[in-house]
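Worksheet: the structure to be examined is printed underneath.
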Amino acid sequence: MDNLTHSVVGLGIGALIDRSVPAEPASDAQRVRTRLLLTIGCLASNFPDLDLVLTKLLEAPLGYLLHHRGHTHTLLAALGEVALLLGLVWLLWPAARGLLRTSPRARFAALLTACVGMVLHISMDGLNVYGVHPFWPFDARWYYGDLIFIVEPVFWIAFGIPLAFMARGPLRRGLLLALLVGVPVAVTFAGFLQWGSLAGLLVLASFLAGIARWRARRAGGDRGRTALAAGLAAALAFVLVQAAAMHTARDTVAAAIARLDPGERLLDTALSAYPANPLCWSFVTVATDAAHGSYHLRRGQLSVAPGITPVASCPAGIAGRAAGNDAQLAWQGDARDSLARLHDLQQNNCHFNAWMRFARAPAIDGTTATDARWSPLGSANFSTLDYAHLADTPCPRPMPDWGYPRADLLRQP
């Protein structure tokens, strides 16, 4: 996920934990605790991305591909990251240190917020098509959720609206609300968000705003806890809806591949979600053709509910405009390559071998290799490796031992 989404969710979780733990006896101590948990929530929800400093250990693009979402995005490393974050807070924030020294409930809330923030970061990154390997060193495989777009406005609204109503002063509150509503409107006009998705976001925003206002008018209120809990429930419900739609999309693609070429064996369907839209999906399939000793990539788009949203109506800004007469599925291109060539490159070019520790949909031409998850077949993206140019250069070091996403293609027949 993007760091804005991580930050908003982290702030929301910090605020929810603060309002769920009994308040500190003194108002000054409570104000420090609120600021402390908001800060820890935001930092913990971004802390694993400190691995970006490690991307310089290898030449591009391998540094980013193999060291981002790397060791800091594992549950084992998260334990050390929690200790580091809390240690920095203790050393650098005297008021927080004083509170943590004297208040068991503040210590509990700080530890809980840091742990939840770290786990949320890894989990949210695991929800999209990029993937994570959270169980390293016990399991070095990549895990892919294929559920959520990398920038998800549902999470902005779910946590941002309750947080905005917690802001002090009508001007600050109004500016935050205007930003939360204005950004989705702008990206809708830019072609990245469907109008129906925008309507759903506005309904969710109105619902959460209504809860926040209703609770604020009650005697004593709950400092926004009910609205935050409702936002968390909405975010979780959205993930469940996306999961159901993803399984439908995967089945639809598998059936289409079986009709197109019954002789192929489908190995994987890498699905990319659209923002705030469980109906539209883009995908890349990986299949093998044993009779010809080749593997086959196909790229396309689909709608899981073509009667509501034909695939041609899916936002063109995400994966291009769908073409063709099929309301459910549109093919955008395909590419075939020899399994023998793939094996030869993997065995004889150490840079390509390293790249295969990341690539889930390897598209190879005469001199370069590209993971087709992020661009049309035949075009470059941030994953593109010029393996021919690097063939005579020293092998990349240090190399993480991530499992090969396409180990099924690399196995010799």
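Labeling convention for the structure tokens: chains A, B, ... as they appear, residues from 1 per chain, ligands from 1 in order of appearance.
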Give me the residues near A:Ile318 as a ChimeraX atom specification, where near means some atom within 10 Å (using only C-alpha atoms) and where sequence neighbours in that chain fewer than 3 positions away do not count. /A:149,191-193,272-275,281-282,314-315,321
How close does stretch 231-306 of chain A get to stretch 343-362 of chain A? List, as a Markdown table, each residue of stretch 231-306 of chain A within 12 Å, its nearest atom pair and the distance in Å to one decimal, counting only C-alpha atoms.
| residue | atom | partner | partner_atom | distance |
| --- | --- | --- | --- | --- |
| A:Leu267 | CA | A:Ala361 | CA | 10.5 |
| A:Asp268 | CA | A:Arg360 | CA | 8.7 |
| A:Thr269 | CA | A:Ala361 | CA | 9.2 |
| A:Ala270 | CA | A:Arg360 | CA | 7.9 |
| A:Leu271 | CA | A:Ala361 | CA | 11.3 |
| A:Phe283 | CA | A:Ala361 | CA | 10.4 |
| A:Val284 | CA | A:Ala361 | CA | 7.2 |
| A:Thr285 | CA | A:Ala361 | CA | 7.6 |
| A:Val286 | CA | A:Ala361 | CA | 6.5 |
| A:Ala287 | CA | A:Ala361 | CA | 10.0 |
| A:Gly293 | CA | A:His343 | CA | 11.4 |
| A:Ser294 | CA | A:His343 | CA | 11.1 |
| A:Tyr295 | CA | A:Pro362 | CA | 9.8 |
| A:His296 | CA | A:Ala361 | CA | 9.6 |
| A:Leu297 | CA | A:Ala361 | CA | 7.2 |
| A:Arg298 | CA | A:Ala361 | CA | 9.5 |
| A:Arg299 | CA | A:Ala361 | CA | 10.0 |
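From atom CA of A:Asp401 back to atom CA of A:Asp386, the distance works out to 21.4 Å.
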In Å to one decimal, how far is atom CA of A:Ile13 from atom CA of A:Glu81? 17.8 Å
Residues at most 12 Å from A:Ala323, counting only C-alpha atoms, excluding those fewer than 3 positions away in the same chain, as a PyMOL selection string? chain A and resi 300-302+310-314+316+319-320+326-333
Can you pull out the residues contacting A:Leu208? Cut-off 7 Å, using only C-alpha atoms, and skip same-chain residues under 5 positions away; I want them as a list in words.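 Skipping anything fewer than 5 positions along the chain leaves Ile161, Pro162, Ala227 and Gly231 of chain A.
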Using all heavy atoms, can you write the selected residues to a file as a tab-separated table (two decimals), in the first residue's frame?
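The new file selection-v1.tsv reads:
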chain	number	residue	atom	x	y	z
A	161	ILE	N	-12.42	10.06	7.94
A	161	ILE	CA	-13.59	10.83	8.36
A	161	ILE	C	-13.70	10.88	9.88
A	161	ILE	O	-13.83	11.97	10.46
A	161	ILE	CB	-14.88	10.26	7.73
A	161	ILE	CG1	-14.84	10.43	6.20
A	161	ILE	CG2	-16.12	10.94	8.32
A	161	ILE	CD1	-14.86	11.86	5.72
A	162	PRO	N	-13.62	9.75	10.60
A	162	PRO	CA	-13.64	9.84	12.07
A	162	PRO	C	-12.48	10.67	12.62
A	162	PRO	O	-12.66	11.43	13.59
A	162	PRO	CB	-13.53	8.37	12.51
A	162	PRO	CG	-14.08	7.59	11.38
A	162	PRO	CD	-13.66	8.33	10.15
A	227	ALA	N	-17.30	6.01	15.91
A	227	ALA	CA	-17.07	6.27	14.49
A	227	ALA	C	-15.82	5.54	13.99
A	227	ALA	O	-15.79	4.99	12.89
A	227	ALA	CB	-16.95	7.77	14.25
A	231	GLY	N	-15.67	2.69	11.19
A	231	GLY	CA	-14.76	2.76	10.05
A	231	GLY	C	-13.93	1.50	9.90
A	231	GLY	O	-13.72	1.00	8.78
Report, in Å with one decimal, the straight-line distance from atom CA of A:Arg97 to atom CA of A:Glu24.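 About the pair atom CA of A:Arg97 and atom CA of A:Glu24: they are 14.8 Å apart.
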So that I can see what lies close to stretch 131-142 of chain A, please list as an MDAnalysis selection string the residues with an atom at most 7 Å from it, counting only C-alpha atoms and leaving out residues fewer than 5 positions away in the same chain. chainID A and resid 69 73:75 125:126 401:403 405
Write out as a compact mmCIF listing (two decimals) with N, CA and C atoms, in the first residue's frame the residues lying within 8 Å of A:Trp156, counting only C-alpha atoms and excluding same-chain residues fewer than 6 positions away.
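Contents of result_19.txt, freshly written:
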# COMPACT_ATOMS: atom_id res chain seq x y z
N THR A 5 -2.01 5.86 2.74
CA THR A 5 -2.99 4.91 3.30
C THR A 5 -2.48 4.30 4.59
N VAL A 8 -2.87 7.01 7.39
CA VAL A 8 -4.24 7.26 7.83
C VAL A 8 -4.74 6.10 8.68
N VAL A 9 -4.48 4.87 8.23
CA VAL A 9 -4.91 3.69 9.00
C VAL A 9 -4.18 3.65 10.34
N LEU A 180 -10.49 14.98 2.13
CA LEU A 180 -10.89 13.58 2.04
C LEU A 180 -11.93 13.35 0.94
Would you please work out which residue, of A:Leu204, A:Met1, A:Ala29, A:Ala363, is nearest to A:Thr102 when using only C-alpha atoms? A:Ala29
Give me the residues within 12 Å of A:Ala234 as a list in words, counting only C-alpha atoms and dropping any in the same chain fewer than 6 places off. Val154, Phe155, Trp156, Ile157, Ala158, Phe159, Gly200, Leu201, Val203, Leu204, Ala205, Phe207, Leu208, Ala227, Leu228, Leu240 and Val241 of chain A
As a PyMOL selection string, please: every residue in stretch 50-293 of chain A that a backbone DSSP assignment puts in helix (DSSP H, G or I). chain A and resi 50-57+62-67+71-73+75-92+94-102+104-125+153-166+170-189+195-217+225-260
Strand (DSSP E or B) per DSSP on the backbone: members of stretch 129-284 of chain A, as a PDB file with N, CA, C and O atoms, in the first residue's frame:
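Below is the file that was written, states.pdb:
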ATOM      1  N   VAL A 132       4.214 -10.223  -0.317  1.00  0.00           N
ATOM      2  CA  VAL A 132       5.169 -10.156   0.787  1.00  0.00           C
ATOM      3  C   VAL A 132       5.588 -11.595   1.120  1.00  0.00           C
ATOM      4  O   VAL A 132       4.997 -12.548   0.646  1.00  0.00           O
ATOM      5  N   TYR A 143       3.784 -14.389  -0.723  1.00  0.00           N
ATOM      6  CA  TYR A 143       2.332 -14.552  -0.557  1.00  0.00           C
ATOM      7  C   TYR A 143       1.643 -13.334  -1.174  1.00  0.00           C
ATOM      8  O   TYR A 143       2.036 -12.185  -0.905  1.00  0.00           O
ATOM      9  N   ARG A 265      -2.039 -25.754 -19.260  1.00  0.00           N
ATOM     10  CA  ARG A 265      -2.248 -25.917 -17.816  1.00  0.00           C
ATOM     11  C   ARG A 265      -2.046 -24.571 -17.144  1.00  0.00           C
ATOM     12  O   ARG A 265      -0.946 -24.017 -17.152  1.00  0.00           O
ATOM     13  N   LEU A 266      -3.116 -24.024 -16.572  1.00  0.00           N
ATOM     14  CA  LEU A 266      -3.056 -22.723 -15.923  1.00  0.00           C
ATOM     15  C   LEU A 266      -2.348 -22.861 -14.580  1.00  0.00           C
ATOM     16  O   LEU A 266      -2.775 -23.623 -13.709  1.00  0.00           O
ATOM     17  N   LEU A 267      -1.262 -22.100 -14.408  1.00  0.00           N
ATOM     18  CA  LEU A 267      -0.492 -22.142 -13.175  1.00  0.00           C
ATOM     19  C   LEU A 267      -0.885 -21.052 -12.195  1.00  0.00           C
ATOM     20  O   LEU A 267      -0.881 -21.265 -10.977  1.00  0.00           O
ATOM     21  N   ASP A 268      -1.203 -19.878 -12.723  1.00  0.00           N
ATOM     22  CA  ASP A 268      -1.412 -18.727 -11.834  1.00  0.00           C
ATOM     23  C   ASP A 268      -2.220 -17.667 -12.559  1.00  0.00           C
ATOM     24  O   ASP A 268      -2.105 -17.501 -13.783  1.00  0.00           O
ATOM     25  N   THR A 269      -3.031 -16.946 -11.813  1.00  0.00           N
ATOM     26  CA  THR A 269      -3.708 -15.751 -12.305  1.00  0.00           C
ATOM     27  C   THR A 269      -3.410 -14.620 -11.331  1.00  0.00           C
ATOM     28  O   THR A 269      -3.883 -14.632 -10.190  1.00  0.00           O
ATOM     29  N   ALA A 270      -2.562 -13.689 -11.740  1.00  0.00           N
ATOM     30  CA  ALA A 270      -2.220 -12.537 -10.910  1.00  0.00           C
ATOM     31  C   ALA A 270      -3.272 -11.459 -11.140  1.00  0.00           C
ATOM     32  O   ALA A 270      -3.337 -10.862 -12.216  1.00  0.00           O
ATOM     33  N   LEU A 271      -4.085 -11.216 -10.127  1.00  0.00           N
ATOM     34  CA  LEU A 271      -5.196 -10.266 -10.245  1.00  0.00           C
ATOM     35  C   LEU A 271      -4.836  -8.933  -9.608  1.00  0.00           C
ATOM     36  O   LEU A 271      -4.267  -8.889  -8.510  1.00  0.00           O
ATOM     37  N   SER A 272      -5.180  -7.861 -10.291  1.00  0.00           N
ATOM     38  CA  SER A 272      -5.010  -6.508  -9.757  1.00  0.00           C
ATOM     39  C   SER A 272      -6.381  -5.862  -9.617  1.00  0.00           C
ATOM     40  O   SER A 272      -7.137  -5.786 -10.593  1.00  0.00           O
ATOM     41  N   ALA A 273      -6.682  -5.418  -8.405  1.00  0.00           N
ATOM     42  CA  ALA A 273      -7.969  -4.780  -8.145  1.00  0.00           C
ATOM     43  C   ALA A 273      -7.979  -3.349  -8.665  1.00  0.00           C
ATOM     44  O   ALA A 273      -6.931  -2.748  -8.939  1.00  0.00           O
ATOM     45  N   TYR A 274      -9.171  -2.804  -8.797  1.00  0.00           N
ATOM     46  CA  TYR A 274      -9.365  -1.383  -9.074  1.00  0.00           C
ATOM     47  C   TYR A 274      -9.729  -0.687  -7.761  1.00  0.00           C
ATOM     48  O   TYR A 274     -10.308  -1.319  -6.864  1.00  0.00           O
ATOM     49  N   ASN A 277     -13.572  -0.633  -5.962  1.00  0.00           N
ATOM     50  CA  ASN A 277     -14.388  -1.214  -7.031  1.00  0.00           C
ATOM     51  C   ASN A 277     -14.220  -2.731  -7.054  1.00  0.00           C
ATOM     52  O   ASN A 277     -13.274  -3.249  -7.651  1.00  0.00           O
ATOM     53  N   PRO A 278     -15.127  -3.481  -6.425  1.00  0.00           N
ATOM     54  CA  PRO A 278     -15.001  -4.936  -6.439  1.00  0.00           C
ATOM     55  C   PRO A 278     -15.423  -5.588  -7.751  1.00  0.00           C
ATOM     56  O   PRO A 278     -15.251  -6.796  -7.916  1.00  0.00           O
ATOM     57  N   LEU A 279     -15.953  -4.816  -8.697  1.00  0.00           N
ATOM     58  CA  LEU A 279     -16.457  -5.396  -9.936  1.00  0.00           C
ATOM     59  C   LEU A 279     -15.401  -5.500 -11.024  1.00  0.00           C
ATOM     60  O   LEU A 279     -15.443  -6.410 -11.849  1.00  0.00           O
ATOM     61  N   CYS A 280     -14.452  -4.579 -11.068  1.00  0.00           N
ATOM     62  CA  CYS A 280     -13.472  -4.512 -12.150  1.00  0.00           C
ATOM     63  C   CYS A 280     -12.119  -5.063 -11.705  1.00  0.00           C
ATOM     64  O   CYS A 280     -11.648  -4.764 -10.603  1.00  0.00           O
ATOM     65  N   TRP A 281     -11.487  -5.828 -12.604  1.00  0.00           N
ATOM     66  CA  TRP A 281     -10.186  -6.439 -12.314  1.00  0.00           C
ATOM     67  C   TRP A 281      -9.345  -6.469 -13.589  1.00  0.00           C
ATOM     68  O   TRP A 281      -9.876  -6.652 -14.682  1.00  0.00           O
ATOM     69  N   SER A 282      -8.051  -6.305 -13.436  1.00  0.00           N
ATOM     70  CA  SER A 282      -7.124  -6.624 -14.517  1.00  0.00           C
ATOM     71  C   SER A 282      -6.324  -7.847 -14.079  1.00  0.00           C
ATOM     72  O   SER A 282      -6.236  -8.151 -12.883  1.00  0.00           O
ATOM     73  N   PHE A 283      -5.742  -8.568 -15.037  1.00  0.00           N
ATOM     74  CA  PHE A 283      -5.090  -9.820 -14.671  1.00  0.00           C
ATOM     75  C   PHE A 283      -4.019 -10.189 -15.685  1.00  0.00           C
ATOM     76  O   PHE A 283      -4.011  -9.717 -16.825  1.00  0.00           O
ATOM     77  N   VAL A 284      -3.112 -11.049 -15.224  1.00  0.00           N
ATOM     78  CA  VAL A 284      -2.137 -11.714 -16.085  1.00  0.00           C
ATOM     79  C   VAL A 284      -2.160 -13.190 -15.718  1.00  0.00           C
ATOM     80  O   VAL A 284      -2.093 -13.538 -14.528  1.00  0.00           O
TER      81      VAL A 284
END
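Each of A:Leu65, A:Gly70, A:Leu163, A:Pro22 was checked against A:Leu385 using only C-alpha atoms; the smallest atom-to-atom distance is that of A:Leu65.
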